[in-house]
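See structure below.
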Amino acid sequence: MPTTDTEAVAAIVRAAGTSFHRGMAILPPPRRQAMYAIYAFCRIVDDIADEDSPFESRKLRLDAWRTRIAALYNGQADDPVTRELHRAITAYTLRQEDFTAVIDGMAMDAEAPIVAPDEATLDLYCDRVATAVGRLSVRAFGDASPEADQVAHHLGRALQLTNILRDIHEDAGRDRLYLPRELLAANGIPPTPQAALTHPALPRACDALATRAHHHYRDAAAAMARCDRRAMLPARLMAATYAAILARLEARGWARLDVPVKLSKWAKLGIAGRYLIFRGWI
């Protein structure tokens, strides 16, 4: 059983079964603990949004987290996650509006399945569920500059668009379709999950969204070059990993969306080695 707040939060991160726990090992312990707390918060509110329960029940629990986040900025914490978040907020000046934006994004997913949102709604969703996390993360990494917020702006959108392209088939099975309505209409694709999934023009829409993601990766890299080099290492690793996933999606093509695309352990190690060793980090 965990005996400290730090151990309890780390256990939540490990239990999620992602590579995040290992990926953040490159950070100094205090910054790593802050990132674990941010991740644990995101994991908890995401799990609430994904629960198979009435929206009103989930909304009450998400609203409770809004109250808990507000309380943190008055120095009140009531469990390991909030106590670790309070330490991170104090140490790295994390902003309340970014935590609130994450909750708002989860509420968008919880209220009703998102199906072919318009461009403005999709961009707002990406900002809340991805870029807001990035704005919290860059501060925990060690750069609170406006340029770091630009990294979050572009990298968050790049990562989320890559996720959307990777998960089209899975999302359709949950009656969700995150491709923007305008892009579907431009290609004559019906704005419904199953109809879009089998439409012959879907590859054109996917290619267009992939191009948009590439632009955000490039803009994120340009912003990183204006930031603290060491602080941006975790962001560079995430960008390289997800850009590799996008490249594999494009190589697989968009005709067999049911064929999963993942990076092997060795591919991930290769990316890490390229950035840590060849770029002079270790």
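Chain labels A, B, ... are given in the sequence in which chains occur in the structure tokens; within each chain residues are numbered consecutively from 1, and ligands are likewise numbered from 1 in the order shown.
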
### Query
Which residues come within 7 Å of stretch 227-236 of chain A, counting only C-alpha atoms, excluding same-chain residues fewer than 3 positions away, as a list of chain:residue names?
A:Phe141, A:Gly142, A:Asp143, A:Glu147, A:Ala148, A:Ala223, A:Met224, A:Ala239, A:Ala240

Output the selection as a PDB file, in the first residue's frame - N, CA and C atoms for each residue.
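Everything below was put into part-v3.pdb:
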ATOM      1  N   PHE A 141       7.538  21.331 -16.767  1.00  0.00           N
ATOM      2  CA  PHE A 141       8.820  21.002 -17.408  1.00  0.00           C
ATOM      3  C   PHE A 141       9.891  22.036 -17.087  1.00  0.00           C
ATOM      4  N   GLY A 142       9.479  23.298 -16.867  1.00  0.00           N
ATOM      5  CA  GLY A 142      10.467  24.315 -16.524  1.00  0.00           C
ATOM      6  C   GLY A 142      10.474  25.548 -17.388  1.00  0.00           C
ATOM      7  N   ASP A 143       9.428  25.772 -18.202  1.00  0.00           N
ATOM      8  CA  ASP A 143       9.373  26.965 -19.046  1.00  0.00           C
ATOM      9  C   ASP A 143       7.955  27.534 -19.004  1.00  0.00           C
ATOM     10  N   GLU A 147       6.344  31.701 -25.274  1.00  0.00           N
ATOM     11  CA  GLU A 147       6.751  30.761 -26.327  1.00  0.00           C
ATOM     12  C   GLU A 147       6.410  29.325 -25.934  1.00  0.00           C
ATOM     13  N   ALA A 148       6.538  29.002 -24.645  1.00  0.00           N
ATOM     14  CA  ALA A 148       6.166  27.660 -24.184  1.00  0.00           C
ATOM     15  C   ALA A 148       4.672  27.428 -24.346  1.00  0.00           C
ATOM     16  N   ALA A 223       8.409  26.793 -32.210  1.00  0.00           N
ATOM     17  CA  ALA A 223       8.233  27.426 -30.902  1.00  0.00           C
ATOM     18  C   ALA A 223       9.206  26.842 -29.881  1.00  0.00           C
ATOM     19  N   MET A 224       9.440  25.525 -29.946  1.00  0.00           N
ATOM     20  CA  MET A 224      10.392  24.898 -29.023  1.00  0.00           C
ATOM     21  C   MET A 224      11.786  25.500 -29.166  1.00  0.00           C
ATOM     22  N   ALA A 239       6.495  14.843 -29.177  1.00  0.00           N
ATOM     23  CA  ALA A 239       6.275  15.216 -30.574  1.00  0.00           C
ATOM     24  C   ALA A 239       6.850  14.165 -31.506  1.00  0.00           C
ATOM     25  N   ALA A 240       8.064  13.702 -31.219  1.00  0.00           N
ATOM     26  CA  ALA A 240       8.689  12.705 -32.089  1.00  0.00           C
ATOM     27  C   ALA A 240       7.919  11.390 -32.065  1.00  0.00           C
TER      28      ALA A 240
END

### Query
Could you pull the residues within 12 Å of A:Ala196, counting only C-alpha atoms, minus those fewer than 3 positions along the same chain, as a PyMOL selection string?
chain A and resi 115-116+168-169+171-172+175-181+183-185+187-193+199-206+254-255+257

Residues from last step as file, C-alpha atoms, as a compact mmCIF listing (two decimals), in the first residue's frame:
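Listed below is the output, selection_9.txt:
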# COMPACT_ATOMS: atom_id res chain seq x y z
CA VAL A 115 -20.29 13.61 -34.02
CA ALA A 116 -18.81 15.67 -36.87
CA ILE A 168 -11.49 6.69 -36.18
CA HIS A 169 -12.59 3.04 -36.25
CA ASP A 171 -14.58 5.98 -32.06
CA ALA A 172 -17.16 4.98 -34.69
CA ASP A 175 -20.97 6.44 -32.07
CA ARG A 176 -18.34 9.17 -32.17
CA LEU A 177 -16.82 10.98 -35.15
CA TYR A 178 -14.32 13.75 -34.50
CA LEU A 179 -13.59 14.68 -38.13
CA PRO A 180 -14.86 18.24 -38.70
CA ARG A 181 -18.17 18.69 -40.45
CA LEU A 183 -14.04 18.73 -44.08
CA LEU A 184 -16.55 15.91 -44.47
CA ALA A 185 -18.90 18.12 -46.49
CA ASN A 187 -15.52 15.59 -49.68
CA GLY A 188 -19.18 14.59 -49.90
CA ILE A 189 -18.98 12.39 -46.81
CA PRO A 190 -22.12 11.97 -44.65
CA PRO A 191 -21.57 13.35 -41.11
CA THR A 192 -22.39 10.09 -39.32
CA PRO A 193 -19.86 7.62 -37.89
CA HIS A 199 -17.21 6.20 -47.61
CA PRO A 200 -14.73 6.05 -50.53
CA ALA A 201 -13.73 9.70 -50.05
CA LEU A 202 -12.76 9.24 -46.40
CA PRO A 203 -9.02 8.86 -47.25
CA ARG A 204 -9.03 12.37 -48.77
CA ALA A 205 -10.47 13.80 -45.56
CA CYS A 206 -7.97 11.88 -43.45
CA TRP A 254 -7.01 4.92 -44.63
CA ALA A 255 -8.72 1.96 -46.31
CA LEU A 257 -8.97 1.64 -40.35

### Task
For atom CA of A:Pro80 and atom CA of A:Arg128, quote the distance in Å rounded to one decimal.
24.3 Å

Using 9 Å as the limit and counting only C-alpha atoms, can you tabulate each residue of stretch 98-130 of chain A that touches stretch 41-46 of chain A, with its shortest atom-to-atom distance in Å and the two atoms involved, as a Markdown table?
| residue | atom | partner | partner_atom | distance |
| --- | --- | --- | --- | --- |
| A:Phe99 | CA | A:Cys42 | CA | 8.8 |
| A:Val102 | CA | A:Cys42 | CA | 7.4 |
| A:Ile103 | CA | A:Val45 | CA | 6.7 |
| A:Met106 | CA | A:Asp46 | CA | 6.0 |
| A:Val129 | CA | A:Cys42 | CA | 8.9 |

Just the selected residues (C-alpha atoms), exported as a tab-separated table (two decimals), in the first residue's frame, please.
chain	number	residue	atom	x	y	z
A	99	PHE	CA	-7.32	22.83	-14.98
A	102	VAL	CA	-9.51	20.21	-18.99
A	103	ILE	CA	-12.71	19.59	-17.02
A	106	MET	CA	-14.23	16.16	-20.45
A	129	VAL	CA	-8.49	18.19	-23.73

### Task
Between A:Val151, A:Ala101, A:Ala64, A:Ala243, single out the one closest to A:Asn163, counting only C-alpha atoms.
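Comparing A:Val151, A:Ala101, A:Ala64, A:Ala243 against A:Asn163, the winner is A:Ala243.
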
### Summary
Using only C-alpha atoms, the best pick from A:Arg157, A:Leu237, A:Ala140, A:Glu250 as closest to A:Pro28 would be A:Ala140

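If only C-alpha atoms are the atoms counted, then among A:Arg248, A:Arg32, A:Arg58, A:Arg66 the closest residue to A:Glu84 is A:Arg32.
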
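For the atom pair formed by atom CA of A:Gly173 and atom CA of A:Leu124, the distance is 23.4 Å, given to one decimal.
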
What's the 12 Å shell around A:Gln33, counting only C-alpha atoms, without same-chain residues fewer than 5 positions away, as a PDB file with N, CA and C atoms, in the first residue's frame?
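Output file around32.pdb follows:
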ATOM      1  N   ASP A   5       1.821  10.592  -0.194  1.00  0.00           N
ATOM      2  CA  ASP A   5       1.063  11.157  -1.305  1.00  0.00           C
ATOM      3  C   ASP A   5       1.774  10.892  -2.629  1.00  0.00           C
ATOM      4  N   THR A   6       3.083  11.067  -2.640  1.00  0.00           N
ATOM      5  CA  THR A   6       3.859  10.861  -3.865  1.00  0.00           C
ATOM      6  C   THR A   6       3.706   9.439  -4.369  1.00  0.00           C
ATOM      7  N   GLU A   7       3.799   8.463  -3.459  1.00  0.00           N
ATOM      8  CA  GLU A   7       3.658   7.061  -3.844  1.00  0.00           C
ATOM      9  C   GLU A   7       2.242   6.764  -4.335  1.00  0.00           C
ATOM     10  N   ALA A   8       1.249   7.353  -3.703  1.00  0.00           N
ATOM     11  CA  ALA A   8      -0.137   7.110  -4.095  1.00  0.00           C
ATOM     12  C   ALA A   8      -0.414   7.637  -5.499  1.00  0.00           C
ATOM     13  N   VAL A   9       0.111   8.814  -5.806  1.00  0.00           N
ATOM     14  CA  VAL A   9      -0.099   9.387  -7.138  1.00  0.00           C
ATOM     15  C   VAL A   9       0.680   8.595  -8.181  1.00  0.00           C
ATOM     16  N   ALA A  10       1.900   8.204  -7.867  1.00  0.00           N
ATOM     17  CA  ALA A  10       2.683   7.387  -8.798  1.00  0.00           C
ATOM     18  C   ALA A  10       1.973   6.067  -9.083  1.00  0.00           C
ATOM     19  N   ALA A  11       1.298   5.520  -8.080  1.00  0.00           N
ATOM     20  CA  ALA A  11       0.554   4.267  -8.281  1.00  0.00           C
ATOM     21  C   ALA A  11      -0.591   4.458  -9.265  1.00  0.00           C
ATOM     22  N   ILE A  12      -1.262   5.605  -9.220  1.00  0.00           N
ATOM     23  CA  ILE A  12      -2.328   5.898 -10.181  1.00  0.00           C
ATOM     24  C   ILE A  12      -1.760   5.934 -11.597  1.00  0.00           C
ATOM     25  N   VAL A  13      -0.601   6.568 -11.745  1.00  0.00           N
ATOM     26  CA  VAL A  13       0.023   6.675 -13.070  1.00  0.00           C
ATOM     27  C   VAL A  13       0.416   5.296 -13.579  1.00  0.00           C
ATOM     28  N   HIS A  21       4.495   6.836 -17.447  1.00  0.00           N
ATOM     29  CA  HIS A  21       5.270   6.677 -16.213  1.00  0.00           C
ATOM     30  C   HIS A  21       6.759   6.610 -16.525  1.00  0.00           C
ATOM     31  N   MET A  24       8.264  10.092 -18.236  1.00  0.00           N
ATOM     32  CA  MET A  24       8.555  11.228 -17.373  1.00  0.00           C
ATOM     33  C   MET A  24       9.759  10.977 -16.464  1.00  0.00           C
ATOM     34  N   ALA A  25      10.356   9.790 -16.559  1.00  0.00           N
ATOM     35  CA  ALA A  25      11.529   9.485 -15.730  1.00  0.00           C
ATOM     36  C   ALA A  25      12.710  10.385 -16.066  1.00  0.00           C
ATOM     37  N   ILE A  26      12.674  11.039 -17.220  1.00  0.00           N
ATOM     38  CA  ILE A  26      13.782  11.926 -17.594  1.00  0.00           C
ATOM     39  C   ILE A  26      13.776  13.224 -16.796  1.00  0.00           C
ATOM     40  N   LEU A  27      12.669  13.524 -16.117  1.00  0.00           N
ATOM     41  CA  LEU A  27      12.560  14.775 -15.369  1.00  0.00           C
ATOM     42  C   LEU A  27      13.183  14.647 -13.977  1.00  0.00           C
ATOM     43  N   PRO A  28      13.668  15.752 -13.423  1.00  0.00           N
ATOM     44  CA  PRO A  28      14.093  15.731 -12.009  1.00  0.00           C
ATOM     45  C   PRO A  28      12.904  15.360 -11.127  1.00  0.00           C
ATOM     46  N   ILE A  38      -0.470  15.989 -12.371  1.00  0.00           N
ATOM     47  CA  ILE A  38      -1.272  16.489 -13.492  1.00  0.00           C
ATOM     48  C   ILE A  38      -1.898  15.316 -14.239  1.00  0.00           C
ATOM     49  N   TYR A  39      -1.105  14.282 -14.491  1.00  0.00           N
ATOM     50  CA  TYR A  39      -1.620  13.115 -15.206  1.00  0.00           C
ATOM     51  C   TYR A  39      -2.726  12.438 -14.399  1.00  0.00           C
ATOM     52  N   ALA A  40      -2.513  12.280 -13.095  1.00  0.00           N
ATOM     53  CA  ALA A  40      -3.519  11.607 -12.267  1.00  0.00           C
ATOM     54  C   ALA A  40      -4.831  12.382 -12.301  1.00  0.00           C
ATOM     55  N   PRO A  80      -4.412  12.592  -1.634  1.00  0.00           N
ATOM     56  CA  PRO A  80      -3.062  12.615  -2.216  1.00  0.00           C
ATOM     57  C   PRO A  80      -2.965  13.377  -3.531  1.00  0.00           C
ATOM     58  N   VAL A  81      -3.952  13.213  -4.424  1.00  0.00           N
ATOM     59  CA  VAL A  81      -3.868  13.887  -5.724  1.00  0.00           C
ATOM     60  C   VAL A  81      -3.929  15.399  -5.540  1.00  0.00           C
ATOM     61  N   ARG A  83      -3.308  17.144  -2.865  1.00  0.00           N
ATOM     62  CA  ARG A  83      -2.135  17.649  -2.130  1.00  0.00           C
ATOM     63  C   ARG A  83      -0.921  17.741  -3.049  1.00  0.00           C
ATOM     64  N   GLU A  84      -0.730  16.744  -3.914  1.00  0.00           N
ATOM     65  CA  GLU A  84       0.377  16.807  -4.866  1.00  0.00           C
ATOM     66  C   GLU A  84       0.145  17.912  -5.897  1.00  0.00           C
ATOM     67  N   LEU A  85      -1.099  18.100  -6.321  1.00  0.00           N
ATOM     68  CA  LEU A  85      -1.397  19.200  -7.237  1.00  0.00           C
ATOM     69  C   LEU A  85      -1.105  20.544  -6.580  1.00  0.00           C
ATOM     70  N   HIS A  86      -1.451  20.677  -5.306  1.00  0.00           N
ATOM     71  CA  HIS A  86      -1.189  21.954  -4.618  1.00  0.00           C
ATOM     72  C   HIS A  86       0.301  22.238  -4.576  1.00  0.00           C
ATOM     73  N   ARG A  87       1.106  21.223  -4.329  1.00  0.00           N
ATOM     74  CA  ARG A  87       2.559  21.431  -4.330  1.00  0.00           C
ATOM     75  C   ARG A  87       3.025  21.883  -5.713  1.00  0.00           C
ATOM     76  N   ALA A  88       2.482  21.247  -6.768  1.00  0.00           N
ATOM     77  CA  ALA A  88       2.874  21.609  -8.129  1.00  0.00           C
ATOM     78  C   ALA A  88       2.427  23.027  -8.480  1.00  0.00           C
ATOM     79  N   ILE A  89       1.213  23.385  -8.084  1.00  0.00           N
ATOM     80  CA  ILE A  89       0.692  24.737  -8.334  1.00  0.00           C
ATOM     81  C   ILE A  89       1.593  25.777  -7.675  1.00  0.00           C
ATOM     82  N   ALA A  91       4.767  25.414  -6.698  1.00  0.00           N
ATOM     83  CA  ALA A  91       6.141  25.400  -7.201  1.00  0.00           C
ATOM     84  C   ALA A  91       6.263  25.962  -8.609  1.00  0.00           C
ATOM     85  N   TYR A  92       5.258  25.708  -9.457  1.00  0.00           N
ATOM     86  CA  TYR A  92       5.412  26.008 -10.884  1.00  0.00           C
ATOM     87  C   TYR A  92       4.346  26.954 -11.432  1.00  0.00           C
ATOM     88  N   SER A 137       1.697  21.370 -18.495  1.00  0.00           N
ATOM     89  CA  SER A 137       2.908  20.551 -18.563  1.00  0.00           C
ATOM     90  C   SER A 137       4.162  21.376 -18.799  1.00  0.00           C
ATOM     91  N   ALA A 140       5.433  22.741 -15.676  1.00  0.00           N
ATOM     92  CA  ALA A 140       6.072  21.709 -14.855  1.00  0.00           C
ATOM     93  C   ALA A 140       7.414  21.294 -15.448  1.00  0.00           C
ATOM     94  N   PHE A 141       7.538  21.331 -16.767  1.00  0.00           N
ATOM     95  CA  PHE A 141       8.820  21.002 -17.408  1.00  0.00           C
ATOM     96  C   PHE A 141       9.891  22.036 -17.087  1.00  0.00           C
TER      97      PHE A 141
END

### Those of stretch 84-220 of chain A in DSSP alpha helix (DSSP H), formatted as a PyMOL selection string
chain A and resi 84-92+96-111+119-126+132-141+146-166+168-173+181-186+193-197+202-220

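When atom CA of A:Ala186 is paired with atom CA of A:Pro117, their separation reads 14.1 Å.
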
### Message
Let me make sure I understand: among A:Arg135, A:Arg252, A:Asp50, A:Ala158, which one has the smallest atom-to-atom distance to A:Thr211 if we use only C-alpha atoms?
### Response
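Ranked by minimum distance to A:Thr211, first place goes to A:Ala158.
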
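Distances from A:Arg166, A:Arg212, A:Arg226, A:Arg61 to A:Asp123 were compared using only C-alpha atoms, and the smallest one belongs to A:Arg212.
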
### Query
Pick the closest to A:Arg174 from A:Gly134, A:Ala208, A:His153, A:Pro113: which is it, counting only C-alpha atoms?
A:Pro113
